[in-house]
Amino acid sequence: MLPYGVADSAELETLGRVFNDYCAKHEIVSEAERETIALKVMCLFRRGVIDPDQLSAELERVG
């Protein structure tokens with residue numbers, strides 16, 4: 001992770017994959033709901049959760 005919660009390209013790819021997988025699994029299609037999930041993913045990332053499996057598990061827990 002780069003300083004100040006900035007993601008590098010590999011982390012962005014991971015965040016995007018976790019986000020898309022979660023939205024697909026839960027059939028989230030509305031822009032407002034997707035935005036909420038994206039914010040949750042970014043909050044987890046800023047807290048230091050960067051492992052894809054851990055991100056997914058935490059997103060399931062807080063989602």
# chains A, B, ... in the order shown; residues from 1 in each chain; ligands from 1
call {"tool": "residues_around", "arguments": {"residues": "segment 10-16 of chain A", "least_positions_apart": "5", "cutoff": "9 Å", "atoms": "only C-alpha atoms", "output": "PyMOL selection string"}}
result
chain A and resi 1+21+38+41-42+45+50-52+55
call {"tool": "write_last_selection", "arguments": {"atoms": "C-alpha atoms", "output": "mmCIF file, in the first residue's frame"}}
result
data_model
loop_
_atom_site.group_PDB
_atom_site.id
_atom_site.type_symbol
_atom_site.label_atom_id
_atom_site.label_comp_id
_atom_site.auth_asym_id
_atom_site.auth_seq_id
_atom_site.Cartn_x
_atom_site.Cartn_y
_atom_site.Cartn_z
ATOM 1 C CA MET A 1 0.000 0.000 0.000
ATOM 2 C CA ASP A 21 -17.479 -10.404 -7.264
ATOM 3 C CA ALA A 38 -17.440 0.607 -3.149
ATOM 4 C CA VAL A 41 -14.384 -1.742 0.143
ATOM 5 C CA MET A 42 -12.330 1.463 0.315
ATOM 6 C CA PHE A 45 -8.628 -1.011 2.395
ATOM 7 C CA ILE A 50 -5.536 -5.793 1.483
ATOM 8 C CA ASP A 51 -5.673 -9.582 1.128
ATOM 9 C CA PRO A 52 -8.438 -10.487 -1.377
ATOM 10 C CA LEU A 55 -11.418 -8.293 1.970
#
call {"tool": "residues_around", "arguments": {"residues": "Gly63 of chain A", "least_positions_apart": "4", "cutoff": "10 Å", "atoms": "only C-alpha atoms", "output": "NGL selection string"}}
result
:A and (22 or 26 or 36-37 or 40-41 or 56-59)
call {"tool": "atom_distance", "arguments": {"atom1": "atom CA of Gly48 of chain A", "atom2": "atom CA of Val18 of chain A"}}
result
15.0 Å
call {"tool": "select_by_dssp", "arguments": {"residues": "chain A", "states": "helix (DSSP H, G or I)", "output": "PyMOL selection string"}}
result
chain A and resi 3-5+9-25+31-46+52-62
call {"tool": "atom_distance", "arguments": {"atom1": "atom CA of Ala24 of chain A", "atom2": "atom CA of Val49 of chain A"}}
result
20.9 Å
call {"tool": "closest_residue", "arguments": {"among": "A:Asp8, A:Glu60, A:Asp53, A:Leu44", "to": "Lys25 of chain A", "atoms": "only C-alpha atoms"}}
result
A:Glu60
call {"tool": "atom_distance", "arguments": {"atom1": "atom CA of Leu39 of chain A", "atom2": "atom CA of Cys23 of chain A"}}
result
12.8 Å
call {"tool": "decode", "arguments": {"residues": "segment 13-25 of chain A", "atoms": "N, CA, C and O atoms", "output": "PDB file, in the first residue's frame"}}
result
ATOM      1  N   GLU A  13      -6.585  -3.439  -8.854  1.00  0.00           N
ATOM      2  CA  GLU A  13      -7.141  -4.614  -9.532  1.00  0.00           C
ATOM      3  C   GLU A  13      -7.826  -5.530  -8.523  1.00  0.00           C
ATOM      4  O   GLU A  13      -8.934  -6.011  -8.764  1.00  0.00           O
ATOM      5  N   THR A  14      -7.184  -5.756  -7.388  1.00  0.00           N
ATOM      6  CA  THR A  14      -7.759  -6.590  -6.334  1.00  0.00           C
ATOM      7  C   THR A  14      -9.050  -5.982  -5.802  1.00  0.00           C
ATOM      8  O   THR A  14     -10.064  -6.677  -5.657  1.00  0.00           O
ATOM      9  N   LEU A  15      -9.028  -4.684  -5.502  1.00  0.00           N
ATOM     10  CA  LEU A  15     -10.218  -4.009  -4.987  1.00  0.00           C
ATOM     11  C   LEU A  15     -11.367  -4.115  -5.983  1.00  0.00           C
ATOM     12  O   LEU A  15     -12.511  -4.386  -5.603  1.00  0.00           O
ATOM     13  N   GLY A  16     -11.071  -3.912  -7.248  1.00  0.00           N
ATOM     14  CA  GLY A  16     -12.099  -4.003  -8.285  1.00  0.00           C
ATOM     15  C   GLY A  16     -12.676  -5.396  -8.409  1.00  0.00           C
ATOM     16  O   GLY A  16     -13.887  -5.578  -8.551  1.00  0.00           O
ATOM     17  N   ARG A  17     -11.814  -6.398  -8.320  1.00  0.00           N
ATOM     18  CA  ARG A  17     -12.269  -7.789  -8.435  1.00  0.00           C
ATOM     19  C   ARG A  17     -13.153  -8.165  -7.248  1.00  0.00           C
ATOM     20  O   ARG A  17     -14.228  -8.754  -7.423  1.00  0.00           O
ATOM     21  N   VAL A  18     -12.724  -7.797  -6.041  1.00  0.00           N
ATOM     22  CA  VAL A  18     -13.518  -8.097  -4.841  1.00  0.00           C
ATOM     23  C   VAL A  18     -14.871  -7.384  -4.936  1.00  0.00           C
ATOM     24  O   VAL A  18     -15.920  -7.979  -4.653  1.00  0.00           O
ATOM     25  N   PHE A  19     -14.849  -6.125  -5.327  1.00  0.00           N
ATOM     26  CA  PHE A  19     -16.076  -5.345  -5.484  1.00  0.00           C
ATOM     27  C   PHE A  19     -17.016  -5.992  -6.504  1.00  0.00           C
ATOM     28  O   PHE A  19     -18.196  -6.220  -6.226  1.00  0.00           O
ATOM     29  N   ASN A  20     -16.505  -6.305  -7.677  1.00  0.00           N
ATOM     30  CA  ASN A  20     -17.339  -6.899  -8.731  1.00  0.00           C
ATOM     31  C   ASN A  20     -17.868  -8.266  -8.338  1.00  0.00           C
ATOM     32  O   ASN A  20     -19.040  -8.577  -8.607  1.00  0.00           O
ATOM     33  N   ASP A  21     -17.037  -9.077  -7.706  1.00  0.00           N
ATOM     34  CA  ASP A  21     -17.479 -10.404  -7.264  1.00  0.00           C
ATOM     35  C   ASP A  21     -18.608 -10.293  -6.238  1.00  0.00           C
ATOM     36  O   ASP A  21     -19.595 -11.028  -6.306  1.00  0.00           O
ATOM     37  N   TYR A  22     -18.451  -9.364  -5.285  1.00  0.00           N
ATOM     38  CA  TYR A  22     -19.475  -9.181  -4.256  1.00  0.00           C
ATOM     39  C   TYR A  22     -20.789  -8.723  -4.891  1.00  0.00           C
ATOM     40  O   TYR A  22     -21.854  -9.266  -4.582  1.00  0.00           O
ATOM     41  N   CYS A  23     -20.711  -7.742  -5.770  1.00  0.00           N
ATOM     42  CA  CYS A  23     -21.923  -7.219  -6.417  1.00  0.00           C
ATOM     43  C   CYS A  23     -22.605  -8.296  -7.262  1.00  0.00           C
ATOM     44  O   CYS A  23     -23.837  -8.400  -7.258  1.00  0.00           O
ATOM     45  N   ALA A  24     -21.821  -9.098  -7.960  1.00  0.00           N
ATOM     46  CA  ALA A  24     -22.401 -10.173  -8.770  1.00  0.00           C
ATOM     47  C   ALA A  24     -23.054 -11.226  -7.885  1.00  0.00           C
ATOM     48  O   ALA A  24     -24.186 -11.666  -8.157  1.00  0.00           O
ATOM     49  N   LYS A  25     -22.368 -11.619  -6.827  1.00  0.00           N
ATOM     50  CA  LYS A  25     -22.887 -12.646  -5.918  1.00  0.00           C
ATOM     51  C   LYS A  25     -24.205 -12.222  -5.286  1.00  0.00           C
ATOM     52  O   LYS A  25     -25.113 -13.028  -5.109  1.00  0.00           O
TER      53      LYS A  25
END
